[in-house]
file start03.txt (compact mmCIF, C-alpha atoms)
# COMPACT_ATOMS: atom_id res chain seq x y z
CA MET A 1 7.52 32.16 -2.80
CA GLY A 2 10.65 34.08 -2.01
CA LEU A 3 13.13 35.94 -4.19
CA GLY A 4 15.16 32.73 -4.56
CA PHE A 5 12.27 31.02 -6.30
CA TRP A 6 11.89 33.79 -8.86
CA ILE A 7 15.63 33.94 -9.51
CA GLN A 8 15.67 30.18 -10.03
CA LEU A 9 12.66 30.45 -12.35
CA ALA A 10 14.26 33.21 -14.42
CA GLY A 11 17.53 31.28 -14.60
CA SER A 12 15.67 28.18 -15.78
CA ALA A 13 13.84 30.19 -18.45
CA VAL A 14 17.15 31.52 -19.76
CA ALA A 15 18.64 28.00 -19.77
CA ILE A 16 15.62 26.72 -21.72
CA ALA A 17 15.95 29.51 -24.28
CA LEU A 18 19.63 28.71 -24.77
CA LEU A 19 18.99 24.98 -25.12
CA VAL A 20 16.20 25.55 -27.66
CA ALA A 21 18.43 27.93 -29.62
CA PHE A 22 21.19 25.30 -29.57
CA ALA A 23 18.79 22.60 -30.78
CA ALA A 24 17.58 24.89 -33.58
CA TRP A 25 21.18 25.70 -34.56
CA ALA A 26 22.08 22.01 -34.72
CA ARG A 27 19.46 21.41 -37.44
CA ILE A 28 18.92 17.78 -36.58
CA GLU A 29 15.19 17.62 -37.22
CA ARG A 30 13.69 14.48 -38.67
CA PRO A 31 13.97 14.58 -42.47
CA CYS A 32 10.57 15.62 -43.74
CA PRO A 33 10.68 16.21 -47.51
CA PRO A 34 7.66 17.60 -49.41
CA LEU A 35 5.13 14.86 -50.08
CA ASP A 36 4.58 13.36 -53.50
CA GLU A 37 1.75 10.92 -54.16
CA VAL A 38 3.81 7.82 -53.36
CA ALA A 39 5.04 9.22 -50.04
CA ALA A 40 1.56 10.52 -49.21
CA ARG A 41 0.03 7.09 -49.80
CA ALA A 42 2.67 5.45 -47.63
CA LEU A 43 1.97 7.89 -44.80
CA LEU A 44 -1.79 7.43 -45.17
CA ALA A 45 -1.38 3.66 -45.05
CA GLU A 46 0.60 4.02 -41.83
CA GLU A 47 -1.91 6.35 -40.16
CA PHE A 48 -5.11 4.81 -41.52
CA PRO A 49 -4.26 1.12 -41.92
CA GLY A 50 -6.67 -1.06 -43.86
CA ARG A 51 -8.38 1.89 -45.55
CA ASN A 52 -8.78 2.60 -49.25
CA PHE A 53 -7.72 5.97 -50.54
CA GLU A 54 -9.92 6.92 -53.48
CA ARG A 55 -8.84 10.45 -54.31
CA LEU A 56 -5.81 12.33 -53.07
CA TRP A 57 -5.34 16.06 -52.79
CA ILE A 58 -1.90 17.45 -51.97
CA PRO A 59 -1.52 21.13 -51.05
CA ALA A 60 0.80 23.47 -52.92
CA ASP A 61 3.54 23.32 -50.30
CA ARG A 62 3.22 19.51 -50.11
CA ARG A 63 3.01 19.61 -46.32
CA GLY A 64 0.13 17.20 -46.06
CA VAL A 65 -2.54 15.29 -47.90
CA VAL A 66 -6.30 14.83 -47.88
CA ALA A 67 -7.70 11.55 -49.15
CA ARG A 68 -11.26 10.42 -49.66
CA SER A 69 -12.09 7.07 -48.13
CA GLY A 70 -15.77 6.23 -48.47
CA ASN A 71 -17.72 8.89 -46.60
CA GLU A 72 -14.65 10.22 -44.84
CA ALA A 73 -11.90 12.68 -45.61
CA LEU A 74 -8.63 11.42 -44.16
CA ILE A 75 -6.41 14.33 -43.32
CA LEU A 76 -2.67 14.43 -42.70
CA PHE A 77 -0.89 17.67 -41.95
CA ARG A 78 2.57 18.70 -40.77
CA ALA A 79 3.30 19.86 -37.24
CA GLY A 80 6.99 20.57 -36.90
CA ASP A 81 8.77 17.62 -38.49
CA GLY A 82 5.96 15.16 -37.83
CA TYR A 83 2.50 14.51 -39.19
CA VAL A 84 -0.90 14.72 -37.52
CA ALA A 85 -3.77 12.54 -38.69
CA ARG A 86 -7.48 13.26 -38.35
CA SER A 87 -10.66 12.46 -40.25
CA LEU A 88 -13.73 14.43 -41.17
CA GLY A 89 -17.01 13.65 -42.94
CA TRP A 90 -16.41 13.81 -46.69
CA THR A 91 -19.43 16.01 -47.38
CA GLU A 92 -18.33 18.58 -44.82
CA ALA A 93 -14.76 18.50 -46.10
CA ALA A 94 -15.81 18.76 -49.75
CA HIS A 95 -17.92 21.82 -48.99
CA THR A 96 -15.03 23.63 -47.33
CA ALA A 97 -13.89 26.48 -49.53
CA ALA A 98 -10.44 27.99 -49.73
CA ARG A 99 -10.05 31.49 -48.29
CA ASP A 100 -7.09 33.77 -48.85
CA GLY A 101 -5.31 30.94 -50.59
CA ARG A 102 -5.69 28.54 -47.69
CA LEU A 103 -7.98 25.60 -47.15
CA GLN A 104 -8.90 25.20 -43.48
CA PHE A 105 -10.75 22.23 -42.08
CA ARG A 106 -12.37 22.63 -38.67
CA LEU A 107 -11.77 19.35 -36.86
CA GLU A 108 -13.78 19.73 -33.61
CA ASP A 109 -10.84 18.28 -31.74
CA VAL A 110 -9.16 19.99 -28.78
CA GLY A 111 -5.85 18.34 -29.66
CA ALA A 112 -5.94 19.59 -33.26
CA PRO A 113 -8.74 22.08 -33.85
CA VAL A 114 -7.75 23.07 -37.39
CA ALA A 115 -5.93 21.56 -40.35
CA SER A 116 -4.71 24.32 -42.62
CA PHE A 117 -3.30 23.83 -46.12
CA LEU A 118 -1.85 26.08 -48.81
CA ALA A 119 -4.41 25.77 -51.60
CA GLU A 120 -3.16 28.49 -53.92
CA GLY A 121 -1.25 26.83 -56.71
CA ALA A 122 -2.52 23.35 -55.84
CA ALA A 123 -5.02 21.23 -57.75
CA PRO A 124 -8.63 22.37 -57.27
CA TRP A 125 -10.40 21.31 -54.10
CA PRO A 126 -12.17 18.89 -53.77
CA PRO A 127 -10.21 16.42 -55.90
CA GLY A 128 -12.17 15.44 -58.98
CA SER A 129 -13.90 18.82 -59.17
CA GLU A 130 -11.71 19.83 -62.12
CA ALA A 131 -13.34 17.06 -64.16
CA ARG A 132 -16.79 18.51 -63.44
CA ALA A 133 -15.74 22.08 -64.19
CA MET B 1 10.32 18.04 4.13
CA LYS B 2 13.43 16.72 2.41
CA SER B 3 16.94 17.97 2.69
CA PHE B 4 18.37 15.92 -0.17
CA ASP B 5 16.73 16.28 -3.58
CA PRO B 6 18.20 14.01 -6.28
CA VAL B 7 16.34 15.89 -9.05
CA THR B 8 17.78 19.29 -8.10
CA LEU B 9 21.24 17.78 -7.82
CA ALA B 10 20.87 16.11 -11.23
CA THR B 11 19.64 19.21 -13.09
CA PRO B 12 23.12 20.26 -14.34
CA PHE B 13 23.58 16.66 -15.53
CA PHE B 14 20.26 16.88 -17.40
CA ILE B 15 21.36 20.05 -19.20
CA LEU B 16 24.84 18.79 -20.03
CA THR B 17 23.61 15.47 -21.40
CA ILE B 18 21.00 17.19 -23.58
CA ILE B 19 23.79 19.36 -25.00
CA LEU B 20 25.93 16.26 -25.50
CA GLU B 21 23.09 14.39 -27.24
CA ILE B 22 22.53 17.34 -29.59
CA ILE B 23 26.26 17.53 -30.38
CA LEU B 24 26.46 13.79 -31.05
CA GLY B 25 23.38 14.04 -33.27
CA ARG B 26 24.84 17.00 -35.12
CA LEU B 27 28.12 15.16 -35.69
CA GLY B 28 26.28 12.04 -36.79
CA LYS B 29 27.89 10.01 -34.01
CA ALA B 30 24.57 8.98 -32.45
CA LYS B 31 20.92 8.91 -33.40
CA ALA B 32 19.34 12.06 -32.02
CA GLU B 33 16.63 14.16 -33.63
CA TYR B 34 15.61 17.51 -32.18
CA GLU B 35 12.98 19.90 -33.49
CA ALA B 36 13.17 23.34 -31.89
CA LYS B 37 9.45 23.86 -31.13
CA ASP B 38 9.12 20.35 -29.82
CA THR B 39 12.18 20.83 -27.61
CA ALA B 40 10.79 24.13 -26.32
CA ALA B 41 7.46 22.48 -25.48
CA SER B 42 9.20 19.68 -23.60
CA LEU B 43 11.46 21.97 -21.58
CA VAL B 44 8.72 24.47 -20.73
CA MET B 45 6.53 21.58 -19.59
CA GLY B 46 9.41 20.51 -17.36
CA LEU B 47 9.77 23.97 -15.87
CA GLY B 48 6.02 24.32 -15.39
CA SER B 49 5.97 20.95 -13.70
CA THR B 50 8.43 22.12 -11.06
CA VAL B 51 6.30 25.25 -10.47
CA ALA B 52 3.17 23.08 -10.16
CA GLY B 53 5.13 20.90 -7.74
CA VAL B 54 5.89 23.91 -5.56
CA LEU B 55 2.22 24.96 -5.60
CA ILE B 56 0.86 21.52 -4.71
CA GLY B 57 3.87 20.37 -2.65
CA GLY B 58 2.43 21.65 0.62
CA LEU B 59 -0.73 19.56 0.26
CA ILE B 60 1.28 16.45 -0.61
CA ALA B 61 3.63 17.02 2.34
CA VAL B 62 0.81 17.57 4.82
CA SER B 63 -1.08 14.50 3.56
CA THR B 64 2.00 12.30 3.69
CA LEU B 65 2.93 13.50 7.17
CA TRP B 66 -0.63 12.90 8.38
CA VAL B 67 -0.61 9.33 7.05
CA TYR B 68 2.88 8.82 8.51
CA SER B 69 1.59 9.93 11.91
CA HIS B 70 -0.82 6.95 11.74
CA ARG B 71 1.86 4.51 10.56
CA LEU B 72 1.93 0.79 11.29
CA PHE B 73 5.66 0.57 11.94
CA THR B 74 8.57 2.94 12.43
CA ILE B 75 11.14 2.22 9.75
CA PRO B 76 14.60 3.71 10.41
CA MET B 77 15.94 5.87 7.62
CA THR B 78 19.49 4.87 8.53
CA ALA B 79 19.01 1.12 7.97
CA VAL B 80 20.36 -0.40 4.74
CA TRP B 81 17.52 -2.92 4.64
CA ALA B 82 15.02 -0.05 4.73
CA TRP B 83 16.57 1.50 1.61
CA VAL B 84 16.56 -1.87 -0.14
CA ALA B 85 12.91 -2.31 0.81
CA ILE B 86 11.83 1.14 -0.33
CA PHE B 87 13.75 0.72 -3.58
CA PHE B 88 11.58 -2.25 -4.52
CA LEU B 89 8.33 -1.00 -2.98
CA GLU B 90 8.58 2.48 -4.51
CA ASP B 91 9.37 0.98 -7.90
CA LEU B 92 6.39 -1.37 -7.62
CA THR B 93 4.21 1.62 -6.68
CA TYR B 94 5.56 3.50 -9.69
CA TYR B 95 4.68 0.60 -11.98
CA TRP B 96 1.03 0.64 -10.87
CA PHE B 97 0.83 4.43 -10.87
CA HIS B 98 2.17 4.44 -14.40
CA ARG B 99 -0.12 1.65 -15.58
CA LEU B 100 -3.13 3.40 -14.09
CA SER B 101 -2.01 6.61 -15.78
CA HIS B 102 -2.31 4.85 -19.13
CA GLU B 103 -5.37 2.74 -18.53
CA ARG B 104 -7.81 5.25 -16.97
CA ARG B 105 -8.61 8.45 -18.81
CA ILE B 106 -8.68 10.84 -15.82
CA TRP B 107 -5.11 9.91 -14.98
CA TRP B 108 -4.11 9.71 -18.65
CA ALA B 109 -5.23 13.36 -18.92
CA SER B 110 -2.45 14.22 -16.52
CA HIS B 111 0.16 11.92 -18.07
CA VAL B 112 -0.56 12.25 -21.81
CA ASN B 113 1.62 15.36 -22.16
CA HIS B 114 4.70 13.24 -21.44
CA HIS B 115 3.86 11.14 -24.51
CA SER B 116 2.72 13.92 -26.83
CA SER B 117 6.11 14.54 -28.42
CA GLN B 118 6.72 12.81 -31.74
CA HIS B 119 10.37 12.77 -30.76
CA TYR B 120 12.24 10.60 -28.33
CA ASN B 121 15.25 12.36 -26.92
CA LEU B 122 16.50 13.51 -23.54
CA SER B 123 14.34 16.64 -23.65
CA THR B 124 11.28 14.37 -23.82
CA ALA B 125 12.18 13.08 -20.37
CA LEU B 126 11.60 16.56 -18.98
CA ARG B 127 8.18 16.89 -20.61
CA GLN B 128 6.42 16.41 -17.29
CA THR B 129 2.86 16.97 -16.12
CA TRP B 130 1.44 20.17 -14.71
CA THR B 131 -1.68 18.45 -13.41
CA GLY B 132 -0.41 15.42 -11.51
CA GLY B 133 -1.25 17.13 -8.24
CA VAL B 134 -4.85 17.73 -9.32
CA ALA B 135 -5.16 14.15 -10.56
CA MET B 136 -3.98 13.07 -7.09
CA THR B 137 -1.74 10.35 -8.45
CA TRP B 138 0.63 11.20 -5.60
CA ALA B 139 -1.84 9.47 -3.26
CA MET B 140 -0.57 6.11 -4.55
CA TRP B 141 2.61 6.62 -2.52
CA LEU B 142 0.74 7.22 0.74
CA PRO B 143 0.65 3.51 1.67
CA LEU B 144 4.44 3.62 1.96
CA ALA B 145 4.09 6.29 4.64
CA PHE B 146 1.37 4.23 6.28
CA LEU B 147 3.77 1.28 6.38
CA GLY B 148 6.21 3.50 8.23
CA PHE B 149 8.70 4.78 5.67
CA PRO B 150 9.63 8.37 6.60
CA PRO B 151 8.21 10.90 4.12
CA ALA B 152 11.70 12.21 3.35
CA MET B 153 12.81 8.69 2.45
CA ILE B 154 9.85 8.28 0.08
CA ALA B 155 10.56 11.66 -1.54
CA ILE B 156 14.24 10.80 -2.02
CA GLN B 157 13.46 7.42 -3.57
CA LYS B 158 10.88 9.02 -5.89
CA GLY B 159 13.57 11.51 -6.91
CA ILE B 160 16.10 8.74 -7.55
CA SER B 161 13.53 6.98 -9.77
CA LEU B 162 12.87 10.17 -11.73
CA VAL B 163 16.59 10.77 -12.23
CA TYR B 164 17.08 7.15 -13.34
CA GLN B 165 14.30 7.51 -15.90
CA PHE B 166 15.94 10.55 -17.51
CA TRP B 167 18.74 8.73 -19.30
CA ILE B 168 16.49 6.09 -20.86
CA HIS B 169 14.76 8.71 -23.03
CA THR B 170 17.21 8.44 -25.88
CA GLU B 171 17.75 6.80 -29.25
CA ALA B 172 21.48 7.31 -28.90
CA ILE B 173 21.83 4.07 -26.94
CA ASP B 174 20.72 0.93 -28.76
CA ARG B 175 20.86 -1.94 -26.30
CA MET B 176 22.51 -2.39 -22.92
CA PRO B 177 24.21 -5.73 -22.04
CA ALA B 178 21.64 -8.56 -21.91
CA PRO B 179 21.71 -9.10 -18.12
CA PHE B 180 21.02 -5.39 -17.64
CA GLU B 181 18.18 -5.45 -20.20
CA ALA B 182 16.69 -8.42 -18.36
CA VAL B 183 16.40 -6.62 -15.03
CA PHE B 184 16.42 -2.87 -15.59
CA ASN B 185 14.37 -0.43 -17.61
CA THR B 186 16.53 0.68 -20.53
CA PRO B 187 16.35 3.03 -23.52
CA SER B 188 15.21 0.09 -25.66
CA HIS B 189 12.39 -0.92 -23.28
CA HIS B 190 11.26 2.65 -22.85
CA ARG B 191 11.29 3.40 -26.58
CA VAL B 192 8.63 0.71 -26.80
CA HIS B 193 6.67 2.46 -24.07
CA HIS B 194 6.69 5.77 -25.98
CA ALA B 195 5.73 4.19 -29.31
CA ARG B 196 2.30 4.39 -30.88
CA ASN B 197 2.59 1.26 -33.03
CA PRO B 198 -0.33 -1.04 -32.09
CA ARG B 199 2.09 -3.75 -30.97
CA TYR B 200 3.82 -1.40 -28.55
CA LEU B 201 0.80 0.46 -27.11
CA ASP B 202 0.44 0.33 -23.32
CA ARG B 203 3.54 -1.75 -22.68
CA ASN B 204 6.64 -1.43 -20.48
CA TYR B 205 5.37 0.70 -17.60
CA ALA B 206 8.51 0.17 -15.53
CA GLY B 207 10.32 2.88 -13.62
CA ILE B 208 13.71 1.41 -12.74
CA LEU B 209 13.11 -2.34 -12.85
CA ILE B 210 11.58 -3.97 -15.93
CA ILE B 211 10.86 -7.07 -13.84
CA TRP B 212 7.39 -5.72 -12.96
CA ASP B 213 6.34 -5.73 -16.61
CA ARG B 214 7.67 -9.24 -17.02
CA LEU B 215 5.82 -10.28 -13.86
CA PHE B 216 2.49 -8.64 -14.69
CA GLY B 217 2.42 -9.48 -18.41
CA THR B 218 2.95 -6.01 -19.86
CA PHE B 219 6.47 -6.52 -21.21
CA GLU B 220 7.14 -6.07 -24.91
CA PRO B 221 10.65 -6.18 -26.38
CA GLU B 222 11.75 -3.68 -29.01
CA ARG B 223 11.99 -5.40 -32.37
CA SER B 224 14.55 -4.66 -35.02
CA ASP B 225 11.87 -5.14 -37.70
CA GLU B 226 9.45 -2.64 -36.19
CA THR B 227 10.81 0.84 -35.56
CA PRO B 228 8.91 2.71 -32.85
CA ARG B 229 6.78 5.62 -34.08
CA TYR B 230 6.62 8.07 -31.21
CA GLY B 231 3.77 10.18 -29.97
CA ILE B 232 0.15 9.49 -29.14
CA VAL B 233 -2.58 7.79 -31.12
CA LYS B 234 -3.94 11.21 -32.10
CA ASN B 235 -0.95 13.54 -32.22
CA LEU B 236 -1.36 17.19 -31.31
CA GLY B 237 -1.86 19.70 -34.10
CA ASP B 238 0.63 22.27 -32.82
CA PHE B 239 3.06 23.09 -30.00
CA ASN B 240 0.80 25.40 -27.99
CA ILE B 241 1.97 24.72 -24.44
CA PHE B 242 -1.52 25.00 -22.96
CA ARG B 243 -2.81 22.48 -25.48
CA VAL B 244 0.03 20.15 -24.49
CA ALA B 245 -0.79 20.56 -20.79
CA PHE B 246 -4.59 20.57 -20.79
CA HIS B 247 -6.05 19.17 -24.03
CA GLU B 248 -7.21 15.87 -22.57
CA TRP B 249 -8.79 17.59 -19.55
CA VAL B 250 -10.76 19.85 -21.89
CA SER B 251 -11.78 16.84 -23.99
CA ILE B 252 -13.02 15.04 -20.90
CA GLY B 253 -14.98 18.13 -19.88
CA ARG B 254 -16.63 18.33 -23.32
CA ASP B 255 -17.50 14.64 -23.29
CA VAL B 256 -18.98 14.82 -19.81
CA ILE B 257 -21.11 17.85 -20.76
CA HIS B 258 -22.47 15.96 -23.77
CA ALA B 259 -22.93 12.65 -21.92
CA ARG B 260 -26.49 11.33 -22.04
CA SER B 261 -26.41 9.67 -18.61
CA PRO B 262 -24.33 9.59 -15.43
CA LYS B 263 -23.06 6.16 -16.49
CA GLU B 264 -21.75 7.60 -19.75
CA ALA B 265 -20.14 10.49 -17.90
CA LEU B 266 -18.38 8.06 -15.56
CA GLY B 267 -17.24 6.04 -18.56
CA TYR B 268 -15.71 9.12 -20.14
CA VAL B 269 -13.86 9.97 -16.92
CA PHE B 270 -12.82 6.59 -15.56
CA GLY B 271 -12.94 4.41 -18.67
CA PRO B 272 -9.83 3.69 -20.68
CA PRO B 273 -8.61 6.44 -23.02
CA GLY B 274 -10.51 6.12 -26.29
CA TRP B 275 -13.64 4.72 -24.67
CA SER B 276 -16.96 5.92 -26.04
CA PRO B 277 -20.49 4.63 -25.40
CA ASP B 278 -21.18 4.02 -29.10
CA GLY B 279 -17.77 2.51 -29.89
CA SER B 280 -17.00 5.31 -32.35
CA ARG B 281 -13.54 5.73 -30.84
CA GLN B 282 -10.87 3.16 -30.15
CA THR B 283 -9.16 2.14 -26.93
CA SER B 284 -5.65 0.68 -27.00
CA ASP B 285 -7.11 -2.82 -26.70
CA GLU B 286 -9.39 -2.20 -29.66
CA ILE B 287 -6.53 -0.79 -31.72
CA LYS B 288 -4.48 -3.89 -30.92
CA ARG B 289 -7.39 -6.20 -31.75
CA ALA B 290 -7.94 -4.51 -35.11
CA TRP B 291 -4.22 -4.79 -35.85
CA ARG B 292 -4.20 -8.51 -34.99
CA GLU B 293 -7.12 -9.09 -37.35
CA ARG B 294 -5.43 -7.03 -40.06
CA GLU B 295 -1.99 -8.58 -39.69
CA PRO B 296 -2.43 -12.05 -38.19
CA ASP B 297 1.03 -13.21 -39.27
CA ARG B 298 2.90 -10.36 -37.67
CA SER B 299 0.82 -10.39 -34.51
CA SER B 300 1.21 -14.15 -34.00
CA ASP B 301 4.93 -13.60 -34.36
CA GLU B 302 4.52 -11.22 -31.42
CA ALA B 303 4.03 -14.16 -29.08
CA GLY B 304 7.19 -15.77 -30.34
CA MET B 305 9.20 -12.62 -29.77
CA SER B 306 7.92 -12.33 -26.23
CA ARG B 307 8.90 -15.90 -25.48
CA ARG B 308 12.39 -15.37 -26.79
CA ALA B 309 12.86 -12.21 -24.72

call {"tool": "encode", "arguments": {"input": "start03.txt", "output": "structure tokens"}}
result
Amino acid sequence: MGLGFWIQLAGSAVAIALLVAFAAWARIERPCPPLDEVAARALLAEEFPGRNFERLWIPADRRGVVARSGNEALILFRAGDGYVARSLGWTEAAHTAARDGRLQFRLEDVGAPVASFLAEGAAPWPPGSEARA
Amino acid sequence: MKSFDPVTLATPFFILTIILEIILGRLGKAKAEYEAKDTAASLVMGLGSTVAGVLIGGLIAVSTLWVYSHRLFTIPMTAVWAWVAIFFLEDLTYYWFHRLSHERRIWWASHVNHHSSQHYNLSTALRQTWTGGVAMTWAMWLPLAFLGFPPAMIAIQKGISLVYQFWIHTEAIDRMPAPFEAVFNTPSHHRVHHARNPRYLDRNYAGILIIWDRLFGTFEPERSDETPRYGIVKNLGDFNIFRVAFHEWVSIGRDVIHARSPKEALGYVFGPPGWSPDGSRQTSDEIKRAWREREPDRSSDEAGMSRRA
């Protein structure tokens, strides 16, 4: 690879940085308002069609939702201006404790290894635990 | 090997049209949604793809030249009929390459990154693979050299196809005139291809001509009552570029390590994406089947839409 290749590579990197900066400046992301229960249920129904959602937990920043469905925890979390859906065994999810104000679920998935939520200021995790307290 | 590279020539056009799409989106004159991290991931994948192409290009060139040296015929690069022939044959090759890239996991591992954006804009077009060379999908074009098409001619036609496919990655264009939609791949047809709605999964594999999908039964029209939701069945959890490039390869590796028999290992590698020995995951066909059972009215309407198209 000669000098020309490296010059071209550097030029391309600069062009990419400028384009990304321009895209960020334009602020034309997909609208992604904080979730309330109605919006969370609609998203869950889209990602997990045909499932029942027994208990919902929404983090403090409203950037996701965890719902119990039978023996599973159905998890939706924000990535950029989109949502990522995964599931986890309910028992494992329910035994996950918040640390430093965040609730982190380990998903054992290369594509999305962790779902992290702001727990501080949100309803207690797991949902329904406040009734037992 | 080639003196004329359509992709290199078109690069300024790529940049200018991305800028134009962003401006139109900003002004509200066209539908265009850009998220900065997503855009960065797409563009860096594009740059990395060109670097990977340089690294693997020698092997592809040598292989193609070797096959060409054992060719059946000698097809002149200067003949108009030869360009017409390679236009159709290369596009047919692309259709099957693309279909295979969706229907077999080892090739999906190389192609999935192109679909991993939840956006559909011109930057998505540049979200290209880093591992196509390793997956050896380029070997599907070798029969053209064996037929007698000069390697440079094949490379140019592949470049033309890639350039054509750039402009169809947009929501800014709704529909082209009906005769054009009937014959060519368009933004509308390709939006369907990038959608993760069960109805749209694994449809519209076309490169330039949509006729192959119509011919081989994989065509699905975009419906006004079903907006495409872009991305993959299991969207990525972040924008880490190495996750974008390699996540499915790592997943395959993990599955193969944990396979209980050689047959299972082969299933994980060469089965359809989503295949698992115990049925705990879902392939596209299974997702579609579940959707048809869940929504029989809408899915039966699917047949009607296809007939009308």

call {"tool": "atom_distance", "arguments": {"input": "start03.txt", "atom1": "atom CA of Glu33 of chain B", "atom2": "atom CA of His119 of chain B"}}
result
7.0 Å

call {"tool": "closest_residue", "arguments": {"input": "start03.txt", "among": "B:Thr50, B:Thr17, B:Thr170, B:Asn235", "to": "Leu9 of chain A", "atoms": "only C-alpha atoms"}}
result
B:Thr50

call {"tool": "residues_around", "arguments": {"input": "start03.txt", "residues": "Ala61 of chain B", "least_positions_apart": "6", "cutoff": "12 Å", "atoms": "only C-alpha atoms", "output": "PyMOL selection string"}}
result
chain B and resi 1-2+53-55+67-68+133+138-139+141-142+145+150-152+154-155

call {"tool": "interface_residues", "arguments": {"input": "start03.txt", "of": "chain A", "to": "chain B", "cutoff": "9 Å", "atoms": "only C-alpha atoms", "output": "number ranges by chain"}}
result
A: 1, 9, 12-13, 15-17, 19-30, 49-50, 77-86, 109-115

call {"tool": "write_last_selection", "arguments": {"input": "start03.txt", "atoms": "C-alpha atoms", "output": "PDB file, keeping the file's coordinate frame"}}
result
ATOM      1  CA  MET A   1       7.520  32.160  -2.800  1.00  0.00           C
ATOM      2  CA  LEU A   9      12.660  30.450 -12.350  1.00  0.00           C
ATOM      3  CA  SER A  12      15.670  28.180 -15.780  1.00  0.00           C
ATOM      4  CA  ALA A  13      13.840  30.190 -18.450  1.00  0.00           C
ATOM      5  CA  ALA A  15      18.640  28.000 -19.770  1.00  0.00           C
ATOM      6  CA  ILE A  16      15.620  26.720 -21.720  1.00  0.00           C
ATOM      7  CA  ALA A  17      15.950  29.510 -24.280  1.00  0.00           C
ATOM      8  CA  LEU A  19      18.990  24.980 -25.120  1.00  0.00           C
ATOM      9  CA  VAL A  20      16.200  25.550 -27.660  1.00  0.00           C
ATOM     10  CA  ALA A  21      18.430  27.930 -29.620  1.00  0.00           C
ATOM     11  CA  PHE A  22      21.190  25.300 -29.570  1.00  0.00           C
ATOM     12  CA  ALA A  23      18.790  22.600 -30.780  1.00  0.00           C
ATOM     13  CA  ALA A  24      17.580  24.890 -33.580  1.00  0.00           C
ATOM     14  CA  TRP A  25      21.180  25.700 -34.560  1.00  0.00           C
ATOM     15  CA  ALA A  26      22.080  22.010 -34.720  1.00  0.00           C
ATOM     16  CA  ARG A  27      19.460  21.410 -37.440  1.00  0.00           C
ATOM     17  CA  ILE A  28      18.920  17.780 -36.580  1.00  0.00           C
ATOM     18  CA  GLU A  29      15.190  17.620 -37.220  1.00  0.00           C
ATOM     19  CA  ARG A  30      13.690  14.480 -38.670  1.00  0.00           C
ATOM     20  CA  PRO A  49      -4.260   1.120 -41.920  1.00  0.00           C
ATOM     21  CA  GLY A  50      -6.670  -1.060 -43.860  1.00  0.00           C
ATOM     22  CA  PHE A  77      -0.890  17.670 -41.950  1.00  0.00           C
ATOM     23  CA  ARG A  78       2.570  18.700 -40.770  1.00  0.00           C
ATOM     24  CA  ALA A  79       3.300  19.860 -37.240  1.00  0.00           C
ATOM     25  CA  GLY A  80       6.990  20.570 -36.900  1.00  0.00           C
ATOM     26  CA  ASP A  81       8.770  17.620 -38.490  1.00  0.00           C
ATOM     27  CA  GLY A  82       5.960  15.160 -37.830  1.00  0.00           C
ATOM     28  CA  TYR A  83       2.500  14.510 -39.190  1.00  0.00           C
ATOM     29  CA  VAL A  84      -0.900  14.720 -37.520  1.00  0.00           C
ATOM     30  CA  ALA A  85      -3.770  12.540 -38.690  1.00  0.00           C
ATOM     31  CA  ARG A  86      -7.480  13.260 -38.350  1.00  0.00           C
ATOM     32  CA  ASP A 109     -10.840  18.280 -31.740  1.00  0.00           C
ATOM     33  CA  VAL A 110      -9.160  19.990 -28.780  1.00  0.00           C
ATOM     34  CA  GLY A 111      -5.850  18.340 -29.660  1.00  0.00           C
ATOM     35  CA  ALA A 112      -5.940  19.590 -33.260  1.00  0.00           C
ATOM     36  CA  PRO A 113      -8.740  22.080 -33.850  1.00  0.00           C
ATOM     37  CA  VAL A 114      -7.750  23.070 -37.390  1.00  0.00           C
ATOM     38  CA  ALA A 115      -5.930  21.560 -40.350  1.00  0.00           C
TER      39      ALA A 115
END

call {"tool": "residues_near_point", "arguments": {"input": "start03.txt", "point": "(4.7, 9.5, -45.3)", "cutoff": "12 Å", "atoms": "only C-alpha atoms", "output": "NGL selection string"}}
result
:A and (31-48 or 62-65 or 76-78 or 81-85)

call {"tool": "residues_around", "arguments": {"input": "start03.txt", "residues": "Ser116 of chain A", "least_positions_apart": "3", "cutoff": "9 Å", "atoms": "all atoms listed in the file", "output": "number ranges by chain"}}
result
A: 77, 102-106

call {"tool": "atom_distance", "arguments": {"input": "start03.txt", "atom1": "atom CA of Val183 of chain B", "atom2": "atom CA of Trp167 of chain B"}}
result
16.1 Å

call {"tool": "residues_near_point", "arguments": {"input": "start03.txt", "point": "(-17.9, 3.2, -21.7)", "cutoff": "12 Å", "atoms": "only C-alpha atoms", "output": "number ranges by chain"}}
result
B: 104-105, 255-256, 259-283

call {"tool": "atom_distance", "arguments": {"input": "start03.txt", "atom1": "atom CA of Phe4 of chain B", "atom2": "atom CA of Phe180 of chain B"}}
result
27.7 Å

call {"tool": "closest_residue", "arguments": {"input": "start03.txt", "among": "B:Phe242, B:Phe73, B:Phe219, B:Trp96", "to": "Phe146 of chain B", "atoms": "only C-alpha atoms"}}
result
B:Phe73

call {"tool": "residues_around", "arguments": {"input": "start03.txt", "residues": "segment 54-60 of chain A", "least_positions_apart": "3", "cutoff": "7 Å", "atoms": "all atoms listed in the file", "output": "ChimeraX atom specification"}}
result
/A:63-69,117-122,127

call {"tool": "residues_around", "arguments": {"input": "start03.txt", "residues": "Ala52 of chain B", "least_positions_apart": "5", "cutoff": "9 Å", "atoms": "only C-alpha atoms", "output": "mmCIF file with C-alpha atoms, in the frame of the given file"}}
result
data_model
loop_
_atom_site.group_PDB
_atom_site.id
_atom_site.type_symbol
_atom_site.label_atom_id
_atom_site.label_comp_id
_atom_site.auth_asym_id
_atom_site.auth_seq_id
_atom_site.Cartn_x
_atom_site.Cartn_y
_atom_site.Cartn_z
ATOM 1 C CA LEU B 47 9.770 23.970 -15.870
ATOM 2 C CA GLY B 57 3.870 20.370 -2.650
ATOM 3 C CA THR B 129 2.860 16.970 -16.120
ATOM 4 C CA TRP B 130 1.440 20.170 -14.710
ATOM 5 C CA THR B 131 -1.680 18.450 -13.410
ATOM 6 C CA GLY B 132 -0.410 15.420 -11.510
ATOM 7 C CA GLY B 133 -1.250 17.130 -8.240
#
